[in-house]
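Text of my_file09.cif (mmCIF, C-alpha atoms) as supplied:
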```cif
data_coords
#
loop_
_atom_site.label_atom_id
_atom_site.label_comp_id
_atom_site.auth_asym_id
_atom_site.auth_seq_id
_atom_site.Cartn_x
_atom_site.Cartn_y
_atom_site.Cartn_z
CA LEU A 1 83.57 111.07 88.01
CA LEU A 2 87.25 111.96 88.12
CA LEU A 3 87.88 115.50 89.38
CA ARG A 4 91.17 117.26 88.69
CA ARG A 5 92.61 120.59 89.77
CA GLN A 6 92.67 123.31 87.15
CA ALA A 7 96.12 123.88 85.68
CA GLY A 8 97.35 127.46 85.92
CA SER A 9 98.99 129.21 83.01
CA SER A 10 102.38 128.55 84.61
CA SER A 11 101.71 124.86 85.15
CA MET A 12 99.91 123.77 81.99
CA VAL A 13 100.36 120.12 81.16
CA GLU A 14 99.35 118.06 78.18
CA PRO A 15 95.81 116.66 78.48
CA ALA A 16 95.85 113.03 79.59
CA LEU A 17 94.68 110.68 76.85
CA GLY A 18 91.08 109.59 77.37
CA THR A 19 90.15 112.51 79.65
CA LEU A 20 88.25 115.77 79.23
CA ASP A 21 91.25 117.92 80.16
CA SER A 22 91.37 119.54 76.73
CA ALA A 23 87.88 121.00 77.28
CA ALA A 24 88.47 121.98 80.90
CA GLY A 25 88.69 125.67 80.14
CA ILE A 26 85.20 125.84 78.63
CA GLY A 27 82.87 127.52 81.13
CA ALA A 28 85.29 126.88 83.96
CA ALA A 29 86.22 130.45 84.90
CA GLY A 30 87.00 130.68 88.61
CA ARG A 31 86.87 126.94 89.10
CA LYS A 32 89.48 125.16 91.22
CA LEU A 33 88.47 121.74 89.84
CA HIS A 34 87.17 120.35 86.59
CA ILE A 35 85.69 117.06 85.46
CA ALA A 36 88.53 115.09 83.88
CA PHE A 37 86.49 111.97 83.21
CA ARG A 38 82.89 110.79 83.49
CA SER A 39 81.89 107.19 83.02
CA PRO A 40 79.03 106.43 80.61
CA GLN A 41 75.56 105.79 81.99
CA GLN A 42 74.40 102.21 81.65
CA LEU A 43 70.64 102.06 81.23
CA ARG A 44 68.15 99.60 79.78
CA ALA A 45 65.82 102.55 79.27
CA PHE A 46 64.93 105.80 81.00
CA ASN A 47 64.79 105.28 84.78
CA THR A 48 65.95 101.69 84.35
CA PRO A 49 69.65 101.59 85.24
CA TYR A 50 71.67 98.40 85.21
CA GLN A 51 71.24 96.47 88.44
CA LEU A 52 73.13 93.56 89.94
CA GLY A 53 70.89 91.09 91.70
CA ARG A 54 69.11 87.78 91.80
CA ALA A 55 65.47 87.15 92.63
CA PRO A 56 64.47 84.32 95.00
CA ASP A 57 62.55 82.60 92.20
CA SER A 58 65.45 82.54 89.74
CA GLY A 59 67.24 79.52 91.23
CA ASP A 60 70.53 78.69 89.53
CA ALA A 61 69.37 79.77 86.08
CA PRO A 62 70.46 83.11 84.57
CA ASP A 63 68.04 85.89 85.47
CA ASP A 64 67.40 88.28 82.59
CA ARG A 65 65.84 90.80 84.98
CA PHE A 66 69.29 91.69 86.32
CA GLU A 67 72.74 92.40 84.97
CA THR A 68 75.96 90.58 85.82
CA PRO A 69 79.44 91.98 86.49
CA GLN A 70 80.33 91.02 82.93
CA ASP A 71 77.81 93.62 81.68
CA ALA A 72 79.68 96.47 83.33
CA SER A 73 81.44 99.07 81.23
CA LEU A 74 85.17 98.62 81.75
CA VAL A 75 87.27 101.78 81.58
CA ARG A 76 90.91 102.54 82.19
CA VAL A 77 91.68 106.16 82.96
CA PRO A 78 95.06 107.81 83.59
CA VAL A 79 95.15 109.54 86.96
CA ARG A 80 97.45 112.05 88.63
CA PRO A 81 98.31 112.71 92.28
CA GLY A 82 95.71 115.08 93.71
CA ASP A 83 92.82 113.75 91.61
CA ILE A 84 89.52 113.06 93.38
CA LEU A 85 87.50 110.02 92.37
CA VAL A 86 83.75 110.04 93.07
CA LEU A 87 81.78 106.81 92.72
CA ALA A 88 78.06 106.97 93.42
CA THR A 89 74.64 105.52 92.72
CA ASP A 90 72.00 107.29 90.66
CA GLY A 91 70.65 108.76 93.91
CA LEU A 92 73.48 111.29 93.53
CA PHE A 93 73.58 111.84 89.79
CA ASP A 94 69.77 112.07 89.44
CA ASN A 95 69.72 115.00 91.88
CA VAL A 96 73.07 116.81 91.76
CA ASP A 97 74.39 118.17 88.47
CA GLU A 98 78.11 118.51 87.91
CA GLU A 99 78.22 122.24 88.67
CA ALA A 100 76.50 121.73 92.03
CA LEU A 101 78.81 118.81 92.78
CA LEU A 102 81.89 120.94 92.06
CA ASP A 103 80.44 123.73 94.24
CA THR A 104 79.96 121.33 97.15
CA ILE A 105 83.47 119.90 96.92
CA GLU A 106 85.26 123.22 96.36
CA ASP A 107 83.37 124.93 99.20
CA LEU A 108 84.31 122.16 101.62
CA ILE A 109 87.96 122.09 100.56
CA GLU A 110 88.28 125.87 100.84
CA GLY A 111 86.34 126.04 104.11
CA SER A 112 88.42 123.37 105.82
CA GLY A 113 91.67 125.26 105.32
CA THR A 114 93.78 122.10 105.58
CA GLY A 115 91.89 120.12 102.96
CA ALA A 116 88.92 117.81 103.34
CA SER A 117 89.20 114.07 103.88
CA PRO A 118 87.46 111.60 101.54
CA GLN A 119 84.97 110.82 104.34
CA GLN A 120 84.12 114.51 104.79
CA LEU A 121 83.65 114.93 101.05
CA ALA A 122 81.45 111.83 100.77
CA ASP A 123 79.30 112.97 103.71
CA ALA A 124 78.86 116.46 102.25
CA ILE A 125 78.04 115.15 98.75
CA ALA A 126 75.49 112.65 100.08
CA ALA A 127 73.87 115.31 102.27
CA ARG A 128 73.57 117.66 99.30
CA ALA A 129 72.03 114.89 97.19
CA LYS A 130 69.47 114.13 99.90
CA GLU A 131 68.61 117.82 100.25
CA LEU A 132 68.02 118.27 96.51
CA SER A 133 66.15 114.97 96.17
CA LEU A 134 63.45 116.36 98.50
CA ASP A 135 63.32 119.77 96.79
CA LYS A 136 60.26 119.96 94.53
CA SER A 137 61.27 123.28 92.99
CA VAL A 138 64.60 122.36 91.38
CA ASP A 139 65.06 121.27 87.79
CA SER A 140 67.06 118.19 88.68
CA PRO A 141 69.10 116.09 86.19
CA PHE A 142 66.40 113.42 86.54
CA ALA A 143 63.64 115.94 85.72
CA ILE A 144 65.54 117.15 82.64
CA LEU A 145 66.04 113.59 81.40
CA ALA A 146 62.37 112.81 82.08
CA LYS A 147 61.29 115.73 79.90
CA ASP A 148 63.61 114.49 77.16
CA ASN A 149 61.58 111.27 77.30
CA ASP A 150 58.21 113.09 77.22
CA ILE A 151 57.57 112.49 80.92
CA LEU A 152 56.41 115.38 83.10
CA TRP A 153 58.49 115.50 86.27
CA GLY A 154 59.42 118.38 88.56
CA GLY A 155 61.92 118.56 91.40
CA GLY A 156 64.35 116.00 92.70
CA ARG A 157 63.97 112.25 92.89
CA PRO A 158 64.17 110.57 96.33
CA ASP A 159 66.26 107.43 96.03
CA ASP A 160 68.95 105.41 97.76
CA ILE A 161 72.18 107.43 97.89
CA THR A 162 75.62 105.88 98.14
CA VAL A 163 78.81 107.92 97.65
CA LEU A 164 82.44 106.78 97.72
CA VAL A 165 85.27 109.30 97.48
CA SER A 166 88.95 108.53 97.01
CA HIS A 167 92.04 110.72 96.79
CA ILE A 168 94.73 109.73 94.30
CA LEU A 169 98.08 109.85 96.11
CA ASP A 170 101.64 109.84 94.89
CA ARG A 171 103.39 106.51 95.48
CA ALA A 172 106.09 108.38 97.38
CA ASP A 173 103.52 110.04 99.65
CA ALA A 174 104.02 108.97 103.26
CA ARG A 175 100.25 108.77 103.69
CA ALA A 176 99.91 106.03 101.09
CA PRO A 177 98.10 102.96 102.48
CA PRO A 178 99.74 99.51 102.57
CA THR A 179 99.82 97.80 99.19
CA ASP A 180 98.66 94.44 100.53
CA TRP A 181 95.28 95.73 101.75
CA ALA A 182 92.57 93.09 101.33
CA ALA A 183 89.16 93.96 99.88
CA VAL A 184 86.16 92.53 101.74
CA SER A 185 82.43 92.56 101.10
CA GLY A 186 79.38 90.80 102.42
CA PRO A 187 77.87 90.15 105.85
CA GLY A 188 79.65 88.51 108.76
CA GLU A 189 82.96 89.06 110.50
CA PRO A 190 85.89 90.38 108.43
CA PRO A 191 88.74 87.90 107.89
CA PRO A 192 91.54 87.84 110.52
CA GLU A 193 94.11 89.37 108.16
CA LEU A 194 91.93 92.46 107.69
CA LEU A 195 91.43 92.85 111.43
CA GLU A 196 95.19 92.53 111.91
CA ALA A 197 95.82 95.17 109.25
CA GLU A 198 93.34 97.53 110.91
CA ALA A 199 94.99 96.96 114.30
CA LEU A 200 98.41 97.67 112.74
CA LEU A 201 97.19 100.92 111.20
CA ALA A 202 95.61 101.96 114.52
CA ALA A 203 98.88 101.24 116.33
CA GLU A 204 100.82 103.28 113.73
CA ARG A 205 98.42 106.21 114.19
CA LEU A 206 98.81 106.08 117.96
CA ALA A 207 102.60 105.93 117.63
CA ALA A 208 102.57 108.95 115.29
CA GLU A 209 100.37 110.89 117.73
CA ALA A 210 102.70 109.96 120.59
CA ARG A 211 105.73 111.16 118.60
CA THR A 212 103.96 114.42 117.82
CA ALA A 213 102.98 114.91 121.46
CA SER A 214 106.53 114.10 122.54
CA GLY A 215 107.91 116.67 120.10
CA LEU A 216 105.51 119.31 121.38
CA GLY A 217 106.48 118.44 124.93
CA ALA A 218 110.15 118.80 124.09
CA GLU A 219 109.50 122.17 122.46
CA ARG A 220 107.58 123.35 125.53
CA GLY A 221 110.44 122.14 127.72
CA GLU A 222 112.94 124.09 125.64
CA GLU A 223 110.76 127.20 125.79
CA GLU A 224 110.47 126.91 129.57
CA GLU A 225 114.27 126.56 129.88
CA VAL A 226 114.80 129.64 127.69
CA GLU A 227 112.30 131.59 129.80
CA ARG A 228 114.08 130.47 132.98
CA LEU A 229 117.48 131.60 131.67
CA GLU A 230 116.04 134.91 130.49
CA GLU A 231 114.49 135.50 133.91
CA GLU A 232 117.79 134.72 135.61
CA ALA A 233 119.52 137.16 133.27
CA ARG A 234 116.97 139.88 134.09
CA VAL A 235 117.40 139.28 137.84
CA GLY A 236 121.17 139.38 137.50
CA ALA A 237 121.00 142.61 135.53
CA SER A 238 118.77 144.26 138.12
CA ARG A 239 121.32 143.54 140.81
#
```

Would you write the structure of this file as C-alpha cells?
Amino acid sequence: LLLRRQAGSSSMVEPALGTLDSAAGIGAAGRKLHIAFRSPQQLRAFNTPYQLGRAPDSGDAPDDRFETPQDASLVRVPVRPGDILVLATDGLFDNVDEEALLDTIEDLIEGSGTGASPQQLADAIAARAKELSLDKSVDSPFAILAKDNDILWGGGRPDDITVLVSHILDRADARAPPTDWAAVSGPGEPPPELLEAEALLAAERLAAEARTASGLGAERGEEEEVERLEEEARVGASR
C-alpha cells in the first residue's frame, strides 16, 4: 500500500497517474491520509497466495508447487515526498482492513507529536495485526473473503506477520540515506562493505549528537554569562 497525505483545498494537486488520488475524497472525511495505491493480490485460489520456495524433493527441476520471482506482479508507481509505503505479508492484510490500518498509522503519528519513525509504524501495525488475528469476534478481511467463497469463517486468522514501512523523502532532504547502500539477504555475516557503511552512519550520528550537545553547552554558557552580568548590574545598582 502507498499512503499519501490528504491535499487541502488550498494545496490541491493533480492526481498522479496510476494512483487512487482522484477517489481520495470518497468516504475520507476527517482523514489525514488516504490510500494512493494498492498492489493487486496474487492468488492461485482462495487462501492460496503466491509463495516463493523450493521443496527438498524438487532437486534442480522447476517446482510447480511454488512461484518464482518472474511470476511477481511488476508495478511502477509515482511517489511524492511524505508518502508512506507499507509492504506486508497476508498476516497483515487478512486481519487489518484499510480503515483500521489508517487509524493505527494516524493515531501513532498524531500521538508522537514529532512524527513516527518507520520502525515505530511497522511495530504498531504488526502489533495491531496480531491483536486482531486472535480476536474471534471481528469480521476480518479474511472472514469476508471466506464467505464470498462459501466458507464459514469468523474472526481473525492467525498467521505469520511481516511488515516493512518506508518513508519517501525528498532528494534534497538532509536525512536521505547514502545512494550506494547495498542490499543484503540470507544467513551469515553481512559483507564488509555493508558493515563499513553501518559504522560510517553510526559515526555520523555520534558526530551530529556531539554537535548538538556542543551547541546546547554553548547556549547554556551564554545564558550563564548573561545571568552573571545581570547579577553584577543588580549589585552595582543596589550600591

### Task
Would you mind reading off the distance between atom CA of Ile125 of chain A and atom CA of Ile105 of chain A, one decimal, in Å?
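A separation of 7.4 Å between them.
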
Can you give me, as a PDB file with C-alpha atoms, keeping the file's coordinate frame, the residues this file yields under the PyMOL selection byres ((chain A and resi 138-142) around 10)?
```
ATOM      1  CA  PHE A  46      64.930 105.800  81.000  1.00  0.00           C
ATOM      2  CA  ASN A  47      64.790 105.280  84.780  1.00  0.00           C
ATOM      3  CA  ASP A  90      72.000 107.290  90.660  1.00  0.00           C
ATOM      4  CA  GLY A  91      70.650 108.760  93.910  1.00  0.00           C
ATOM      5  CA  LEU A  92      73.480 111.290  93.530  1.00  0.00           C
ATOM      6  CA  PHE A  93      73.580 111.840  89.790  1.00  0.00           C
ATOM      7  CA  ASP A  94      69.770 112.070  89.440  1.00  0.00           C
ATOM      8  CA  ASN A  95      69.720 115.000  91.880  1.00  0.00           C
ATOM      9  CA  VAL A  96      73.070 116.810  91.760  1.00  0.00           C
ATOM     10  CA  ASP A  97      74.390 118.170  88.470  1.00  0.00           C
ATOM     11  CA  GLU A  98      78.110 118.510  87.910  1.00  0.00           C
ATOM     12  CA  LEU A 132      68.020 118.270  96.510  1.00  0.00           C
ATOM     13  CA  SER A 133      66.150 114.970  96.170  1.00  0.00           C
ATOM     14  CA  LEU A 134      63.450 116.360  98.500  1.00  0.00           C
ATOM     15  CA  ASP A 135      63.320 119.770  96.790  1.00  0.00           C
ATOM     16  CA  LYS A 136      60.260 119.960  94.530  1.00  0.00           C
ATOM     17  CA  SER A 137      61.270 123.280  92.990  1.00  0.00           C
ATOM     18  CA  ALA A 143      63.640 115.940  85.720  1.00  0.00           C
ATOM     19  CA  ILE A 144      65.540 117.150  82.640  1.00  0.00           C
ATOM     20  CA  LEU A 145      66.040 113.590  81.400  1.00  0.00           C
ATOM     21  CA  ALA A 146      62.370 112.810  82.080  1.00  0.00           C
ATOM     22  CA  LYS A 147      61.290 115.730  79.900  1.00  0.00           C
ATOM     23  CA  ASP A 148      63.610 114.490  77.160  1.00  0.00           C
ATOM     24  CA  TRP A 153      58.490 115.500  86.270  1.00  0.00           C
ATOM     25  CA  GLY A 154      59.420 118.380  88.560  1.00  0.00           C
ATOM     26  CA  GLY A 155      61.920 118.560  91.400  1.00  0.00           C
ATOM     27  CA  GLY A 156      64.350 116.000  92.700  1.00  0.00           C
ATOM     28  CA  ARG A 157      63.970 112.250  92.890  1.00  0.00           C
TER      29      ARG A 157
END
```

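Applied to this file, the PyMOL selection byres ((chain A and resi 59-71) around 12) selects Gln42, Leu43, Arg44, Thr48, Pro49, Tyr50, Gln51, Leu52, Gly53, Arg54, Ala55, Pro56, Asp57, Ser58, Ala72, Ser73 and Leu74 of chain A.
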
### Task
Please provide the set of residues having any atom within 12 Å of Leu85 of chain A, restricted to all atoms listed in the file, with same-chain residues fewer than 2 positions apart removed, written as a PyMOL selection string.
chain A and resi 1-4+34-39+77-83+87-88+105+118+121-122+163-169

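Here the question is which of A:Ile161, A:Leu33, A:Leu200, A:Leu152 gets nearest to Thr104 of chain A using all atoms listed in the file, and that residue is A:Leu33.
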
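Going from atom CA of Thr89 of chain A to atom CA of Thr162 of chain A covers 5.5 Å.
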
### Message
Between atom CA of Ala116 of chain A and atom CA of Ala203 of chain A, what is the distance in Å, rounded to a tenth?
### Response
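Computing the Euclidean distance for atom CA of Ala116 of chain A and atom CA of Ala203 of chain A yields 23.3 Å.
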
#### Entry: Top pick for closest residue to Ile84 of chain A, considering A:Glu196, A:Asp160, A:Glu106, A:Asp150 and counting all atoms listed in the file
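Ranking A:Glu196, A:Asp160, A:Glu106, A:Asp150 by distance to Ile84 of chain A, first place goes to A:Glu106.
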
Kindly list the centre and edge lengths in Å, rounded to one decimal, for the axis-aligned box that covers all listed atoms of segment 63-75 of chain A plus 5 Å on each of its six sides, as lines of an AutoDock Vina configuration file.
```
center_x = 76.6
center_y = 93.8
center_z = 83.9
size_x = 31.4
size_y = 25.9
size_z = 15.3
```

Please, can segment 201-212 of chain A be completed to all heavy atoms and returned as an mmCIF file, keeping the file's coordinate frame?
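Saved the output as part39.cif:
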```
data_model
loop_
_atom_site.group_PDB
_atom_site.id
_atom_site.type_symbol
_atom_site.label_atom_id
_atom_site.label_comp_id
_atom_site.auth_asym_id
_atom_site.auth_seq_id
_atom_site.Cartn_x
_atom_site.Cartn_y
_atom_site.Cartn_z
ATOM 1 N N LEU A 201 97.351 99.520 111.562
ATOM 2 C CA LEU A 201 97.190 100.920 111.200
ATOM 3 C C LEU A 201 96.847 101.769 112.420
ATOM 4 O O LEU A 201 97.346 102.888 112.574
ATOM 5 C CB LEU A 201 96.097 101.064 110.136
ATOM 6 C CG LEU A 201 96.455 100.607 108.724
ATOM 7 C CD1 LEU A 201 95.243 100.726 107.818
ATOM 8 C CD2 LEU A 201 97.598 101.432 108.172
ATOM 9 N N ALA A 202 95.974 101.231 113.294
ATOM 10 C CA ALA A 202 95.610 101.960 114.520
ATOM 11 C C ALA A 202 96.834 102.167 115.403
ATOM 12 O O ALA A 202 97.031 103.243 115.976
ATOM 13 C CB ALA A 202 94.520 101.205 115.266
ATOM 14 N N ALA A 203 97.675 101.126 115.513
ATOM 15 C CA ALA A 203 98.880 101.240 116.330
ATOM 16 C C ALA A 203 99.841 102.278 115.722
ATOM 17 O O ALA A 203 100.472 103.053 116.454
ATOM 18 C CB ALA A 203 99.579 99.885 116.427
ATOM 19 N N GLU A 204 99.944 102.297 114.381
ATOM 20 C CA GLU A 204 100.820 103.280 113.730
ATOM 21 C C GLU A 204 100.306 104.695 113.964
ATOM 22 O O GLU A 204 101.101 105.627 114.177
ATOM 23 C CB GLU A 204 100.905 102.982 112.238
ATOM 24 C CG GLU A 204 101.683 101.707 111.914
ATOM 25 C CD GLU A 204 101.687 101.400 110.435
ATOM 26 O OE1 GLU A 204 100.936 102.080 109.694
ATOM 27 O OE2 GLU A 204 102.426 100.495 110.010
ATOM 28 N N ARG A 205 98.973 104.886 113.933
ATOM 29 C CA ARG A 205 98.420 106.210 114.190
ATOM 30 C C ARG A 205 98.703 106.657 115.613
ATOM 31 O O ARG A 205 99.076 107.807 115.859
ATOM 32 C CB ARG A 205 96.904 106.199 113.935
ATOM 33 C CG ARG A 205 96.516 106.235 112.466
ATOM 34 C CD ARG A 205 95.065 106.578 112.295
ATOM 35 N NE ARG A 205 94.195 105.560 112.866
ATOM 36 C CZ ARG A 205 93.718 104.526 112.189
ATOM 37 N NH1 ARG A 205 94.025 104.389 110.920
ATOM 38 N NH2 ARG A 205 92.933 103.646 112.766
ATOM 39 N N LEU A 206 98.535 105.742 116.570
ATOM 40 C CA LEU A 206 98.810 106.080 117.960
ATOM 41 C C LEU A 206 100.285 106.425 118.162
ATOM 42 O O LEU A 206 100.623 107.359 118.899
ATOM 43 C CB LEU A 206 98.405 104.910 118.869
ATOM 44 C CG LEU A 206 96.897 104.675 119.042
ATOM 45 C CD1 LEU A 206 96.653 103.410 119.844
ATOM 46 C CD2 LEU A 206 96.235 105.868 119.720
ATOM 47 N N ALA A 207 101.167 105.662 117.504
ATOM 48 C CA ALA A 207 102.600 105.930 117.630
ATOM 49 C C ALA A 207 102.947 107.302 117.045
ATOM 50 O O ALA A 207 103.749 108.050 117.614
ATOM 51 C CB ALA A 207 103.398 104.836 116.921
ATOM 52 N N ALA A 208 102.318 107.642 115.908
ATOM 53 C CA ALA A 208 102.570 108.950 115.290
ATOM 54 C C ALA A 208 102.074 110.071 116.196
ATOM 55 O O ALA A 208 102.739 111.106 116.354
ATOM 56 C CB ALA A 208 101.884 109.027 113.930
ATOM 57 N N GLU A 209 100.896 109.878 116.814
ATOM 58 C CA GLU A 209 100.370 110.890 117.730
ATOM 59 C C GLU A 209 101.278 111.039 118.945
ATOM 60 O O GLU A 209 101.492 112.156 119.441
ATOM 61 C CB GLU A 209 98.948 110.507 118.163
ATOM 62 C CG GLU A 209 97.921 110.589 117.039
ATOM 63 C CD GLU A 209 96.579 110.020 117.446
ATOM 64 O OE1 GLU A 209 96.447 109.590 118.621
ATOM 65 O OE2 GLU A 209 95.652 110.015 116.615
ATOM 66 N N ALA A 210 101.803 109.907 119.430
ATOM 67 C CA ALA A 210 102.700 109.960 120.590
ATOM 68 C C ALA A 210 103.988 110.705 120.243
ATOM 69 O O ALA A 210 104.494 111.504 121.041
ATOM 70 C CB ALA A 210 103.017 108.546 121.071
ATOM 71 N N ARG A 211 104.512 110.457 119.013
ATOM 72 C CA ARG A 211 105.730 111.160 118.600
ATOM 73 C C ARG A 211 105.480 112.655 118.481
ATOM 74 O O ARG A 211 106.314 113.477 118.876
ATOM 75 C CB ARG A 211 106.230 110.595 117.265
ATOM 76 C CG ARG A 211 106.852 109.204 117.369
ATOM 77 C CD ARG A 211 107.599 108.861 116.100
ATOM 78 N NE ARG A 211 106.718 108.767 114.953
ATOM 79 C CZ ARG A 211 106.092 107.666 114.572
ATOM 80 N NH1 ARG A 211 106.246 106.546 115.274
ATOM 81 N NH2 ARG A 211 105.318 107.664 113.501
ATOM 82 N N THR A 212 104.303 113.002 117.945
ATOM 83 C CA THR A 212 103.960 114.420 117.820
ATOM 84 C C THR A 212 103.840 115.071 119.194
ATOM 85 O O THR A 212 104.366 116.162 119.431
ATOM 86 C CB THR A 212 102.635 114.582 117.062
ATOM 87 O OG1 THR A 212 102.765 114.000 115.759
ATOM 88 C CG2 THR A 212 102.254 116.052 116.929
#
```
